[in-house]
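Reading through the structure tokens given below for one structure.
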Number of protein chains: 2
Amino acid sequence: MPNRTVFFVSDGTGITAETFGNAILNQFEANLHRVRLPFVDNVDKAHNTVRQINHAGVIDNKRPIVFLTLANSEVLQVIEENCQGLLMDMFSTFVHPLEKELDIKSNHRIGRFSDSSKSEQYQSRIEAINFSLEHDDGQSNRDLENSDVILVGVSRSGKTPTSLYLAMQYGLKASNYPLIPEDFERQDLPPALKTQRKKLFGLSIQPERLSEIRNERRPNSRYASLENCRYEVREAEAMMRRSGIRWLSTTTKSIEEISTTILQELRPERLKY
Amino acid sequence: MPNRTVFFVSDGTGITAETFGNAILNQFEANLHRVRLPFVDNVDKAHNTVRQINHAGVIDNKRPIVFLTLANSEVLQVIEENCQGLLMDMFSTFVHPLEKELDIKSNHRIGRFSDSSKSEQYQSRIEAINFSLEHDDGQSNRDLENSDVILVGVSRSGKTPTSLYLAMQYGLKASNYPLIPEDFERQDLPPALKTQRKKLFGLSIQPERLSEIRNERRPNSRYASLENCRYEVREAEAMMRRSGIRWLSTTTKSIEEISTTILQELRPERLKY
């Protein structure tokens with residue numbers, strides 16, 4: 001049973017507080033109960049938040065841990081003055097040294113999304129998600145040349161979630177294209193990809209793991225058999241090598257790690273940095 | 001032209017450093033050049049990183065700003081001892097007070113993904129992404145009852161990107177289902193949704209904005225006309241009201257804000273917190 005409560009408190013979505021707070025908490029083997037408190041954006045809500053946090057401290061008989069990302073200074077003040085939790089104030093801690101270094105005042109903007117929700121950058125991210133959906137699994141060759149990245153690999157090697165992550169996180173138009181037994185017989189890339197070499201990135205996977213994943217979908221099929229998975233992976237890797245396509249194995253990697261590696265290798269133009 | 005360089009340095013993907021660093025930097029109107037340096041996980045790479053950062057400082061004639069998320073203490077030491085940038089050490093700053101508070105040592109685990117890449121939680125996230133893709137736009141009623149959330153709304157109100165975000169970020173099986181003119185004529189929800197009331201959440205949108213979005217897809221169509229958009233939105237909102245479905249307008253909201261609100265309202269069971 002969790003013996004201490006952690007709060008993520010924000011005047012925005014709290015996604016930043018939560019992502020970062022969890023990265024910190026992952027450094028500890030502790031049994032924690034997590035509570036997300038987004039949109040705490042006025043003094044009334046701040047007082048409610050304080051009550052909730054202090055109450056958890058009494059119930060747990062342990063001081064709560066509170067990750068804060070608050071741009072609103074009135075809200076911050078209420079919490080600082082009344083909250084009995086251990087405050088991890090993520091904004092102030094870094095904002096003040098930066099004000100000094102840049103010699104400008106911070107503008108107390110909330111979060112990373114509010115002002116930008118309907119900005120050009122945001123629209124291009126939504127457009128990228130739609131593009132990636134339309135170009136999932138080689139569904140469409142129309143506009144393929146407008147892709148920033150085209151992932152290739154055998155069925156179930158991780159192409160779809162990686163494409164969607166690249167679109168959602170980085171606003172990249174990420175297509176994906178399966179390598180299928182027909183391509184292996186022809187010993188050649190799918191024709192539509194031949195003019196897009198620079199944008200291609202391959203995903204491979206251990207045959208044993210691939211067979212497991214495919215068996216969940218189509219138990220005891222030839223498609224999922226270890227023998228067939230071995231054949232497809234061997235042929236796909238040979239084809240990627242022959243065609244000079246950079247690739248990695250997804251077997252022990254998360255979509256975040258795969259995506260970061262792809263960005264490092266391909267350095268797509270659309271990414272400002 | 002950017003007059004100062006910001007580095008995001010990590011021994012993992014750097015996604016945490018970047019998300020958090022950008023939330024901080026958003027507080028400033030400064031013209032910055034951003035550089036992402038992931039996977040800096042040994043002493044050699046640390047020295048290269050230091051050289052790159054110090055070089056940028058010379059070129060810019062301004063001290064670089066360096067956001068660090070390093071669990072590896074040897075790498076951290078090289079950077080602390082040699083780097084001329086302003087170090088914003090996001091882990092140490094918060095890890096040390098937590099070690100004291102929890103009275104346990106941190107385990108120096110990298111990032112939030114490495115160990116968990118093939119964990120149960122990770123697998124269920126991938127499963128959720130696949131589920132959401134299969135249940136996009138009312139494509140399939142099979143297994144609909146296994147959804148954690150079912151978004152409803154008129155075509156192009158923001159259902160698809162929101163479903164995918166809920167799946168990717170929170171591992172929720174998020175389906176989405178369009179409300180179409182047929183439903184409005186019948187004045188009733190699509191039959192498949194009637195047993196799923198508790199999981200329904202509505203997305204609406206201003207007719208003017210909807211018409212813009214639809215015109216990009218199908219210029220000058222009846223589908224995109226302001227008149228038709230007004231009709232569909234009015235009918236959809238009336239239906240949501242009649243059916244007691246909670247809903248919000250997506251017009252000025254980002255997918256992160258929409259998703260956070262949905263979680264607050266529906267509190268799906270699958271979410272541990």
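A note on labels: chains of the structure tokens are A, B, ... as shown, every chain counts residues from 1, and ligands are counted from 1 in their shown order.
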
(Q) What's around region 257-264 of chain B at 8 Å? Count only C-alpha atoms, leave out sequence neighbours fewer than 2 positions away in its own chain, and write the answer as a list of chain:residue names. (A)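 So the residues in contact are A:Gly12, A:Thr13, A:Pro38, A:Phe113, B:Thr162, B:Tyr165, B:Leu166, B:Phe201, B:Leu248, B:Thr250, B:Lys253, B:Ser254, B:Ile255, B:Leu266, B:Arg267, B:Pro268.
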
Find the residues near region 121-130 of chain A: any atom within 6 Å, counting only C-alpha atoms, skip ones fewer than 6 places away on the same chain, and give them as a PDB file with C-alpha atoms, in the first residue's frame.
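And here's part-v4.pdb as it stands now:
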```
ATOM      1  CA  ALA A 167       3.968  13.352 -35.611  1.00  0.00           C
ATOM      2  CA  GLY A 171       5.120  17.650 -35.779  1.00  0.00           C
ATOM      3  CA  LEU A 172       6.877  15.465 -38.355  1.00  0.00           C
ATOM      4  CA  LYS A 173       5.021  14.005 -41.309  1.00  0.00           C
TER       5      LYS A 173
END
```

**Q.** Close residues, Glu235 (chain A) itself excluded, 10 Å, only C-alpha atoms, min 3 positions apart in chain, as a count of residues only
**A.** 16

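Among the candidates B:Val9, B:Leu271, B:Ala174, B:Val233, the one nearest to Phe67 (chain B) when counting only C-alpha atoms is B:Val9.
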
Q: Please measure the separation of CA of Leu102 (chain A) and CA of Phe8 (chain A), giving the value in Å to one decimal.
A: 28.2 Å

Q. Which parts of region 135-261 of chain A does DSSP call helix (DSSP H, G or I) when run on the backbone here, written out as a ChimeraX atom specification?
A. /A:136-138,144-146,159-170,181-186,191-199,207-217,226-242,255-261

Which residues of region 80-134 of chain A come within 12 Å of region 43-53 of chain A, and for each one, what is the closest pair of atoms and their distance in Å to one decimal, counting only C-alpha atoms, sorted by chain and residue number, as a tab-separated table?
```
residue	atom	partner	partner_atom	distance
A:Glu80	CA	A:Val50	CA	9.3
A:Glu81	CA	A:Val50	CA	9.5
A:Asn82	CA	A:Val50	CA	6.6
A:Cys83	CA	A:Val50	CA	5.3
A:Gln84	CA	A:Ile53	CA	7.6
A:Gly85	CA	A:Ile53	CA	6.9
A:Leu86	CA	A:Ile53	CA	10.2
A:Leu87	CA	A:Ile53	CA	10.9
```

Could you save the residues just selected, with C-alpha atoms, as a tab-separated table (two decimals), in the first residue's frame?
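Written out: again_16.tsv:
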```
chain	number	residue	atom	x	y	z
A	80	GLU	CA	3.83	28.56	-0.29
A	81	GLU	CA	2.23	30.16	2.76
A	82	ASN	CA	-0.19	27.39	3.70
A	83	CYS	CA	0.89	24.06	2.31
A	84	GLN	CA	2.52	21.59	4.68
A	85	GLY	CA	3.94	19.43	1.88
A	86	LEU	CA	7.53	19.36	0.65
A	87	LEU	CA	7.34	21.86	-2.21
```

Q. What are the DSSP strand (DSSP E or B) residues of region 123-261 of chain A, as a PyMOL selection string?
A. chain A and resi 149-153+174-178+200-204+247-249

Q | For CA of Leu32 (chain A) and CA of Leu68 (chain A), the interatomic separation in Å (one decimal) | A | 17.0 Å

Q) Suppose you want the space between CA of Thr93 (chain A) and CA of Asn107 (chain A); what is it in Å? A)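 It comes out at 15.4 Å.
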
Q: Within 9 Å of Tyr223 (chain A), counting only C-alpha atoms, which residues show up once you throw out same-chain ones fewer than 6 positions away? Write them as an MDAnalysis selection string, please.
A: chainID A and resid 211 214:215 229

Writing out the chosen residues with N, CA and C atoms as a PDB file, in the first residue's frame:
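Wrote again.pdb, looks like this:
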```pdb
ATOM      1  N   SER A 211       7.450 -12.957 -33.304  1.00  0.00           N
ATOM      2  CA  SER A 211       6.529 -14.096 -33.325  1.00  0.00           C
ATOM      3  C   SER A 211       5.538 -14.010 -32.158  1.00  0.00           C
ATOM      4  N   ARG A 214       2.999 -11.236 -33.038  1.00  0.00           N
ATOM      5  CA  ARG A 214       2.072 -11.649 -34.084  1.00  0.00           C
ATOM      6  C   ARG A 214       1.116 -12.735 -33.593  1.00  0.00           C
ATOM      7  N   ASN A 215       1.602 -13.579 -32.670  1.00  0.00           N
ATOM      8  CA  ASN A 215       0.735 -14.637 -32.143  1.00  0.00           C
ATOM      9  C   ASN A 215      -0.435 -14.083 -31.335  1.00  0.00           C
ATOM     10  N   CYS A 229       8.793 -15.654 -39.200  1.00  0.00           N
ATOM     11  CA  CYS A 229       9.334 -14.394 -38.663  1.00  0.00           C
ATOM     12  C   CYS A 229      10.836 -14.316 -38.902  1.00  0.00           C
TER      13      CYS A 229
END
```

Q: Fewer than 3 positions away in the same chain doesn't count, so skip those; otherwise give me all residues within 10 Å of Ile150 (chain A), counting only C-alpha atoms, as a ChimeraX atom specification.
A: /A:132,135-136,138,144-147,159,163,173-177,193,196-202

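With only C-alpha atoms as the atoms that count, the residue of A:Arg156, A:Leu189, A:Lys194, A:Pro219 with the shortest distance to Gln206 (chain A) is A:Arg156.
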
Q. When distances are computed from only C-alpha atoms, which of B:Arg217, B:Arg142, B:Arg36, B:Arg246 shows the smallest separation from chain A?
A.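 The shortest atom-to-atom distance to chain A comes from B:Arg36.
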
Q) Hey, which of B:Glu120, B:Asp148, B:Glu74, B:Glu29 ends up closest to chain A? Count only C-alpha atoms. A)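 Once distances to chain A are computed over only C-alpha atoms, the minimum belongs to B:Glu29.
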
Q | Residue nearest chain B - candidates A:Arg186, A:Arg218, A:Arg242, A:Arg209, atoms counted: only C-alpha atoms | A |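 Between A:Arg186, A:Arg218, A:Arg242, A:Arg209, the residue approaching chain B most closely is A:Arg209.
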
Q.
What's around region 14-17 of chain A at 12 Å? Count only C-alpha atoms, leave out sequence neighbours fewer than 6 positions away in its own chain, and write the answer as a ChimeraX atom specification.
A. /A:6-8,23-25,34-41,66-71,88-91,110-114 /B:15-24,169-170,255-257,259-261,263-264
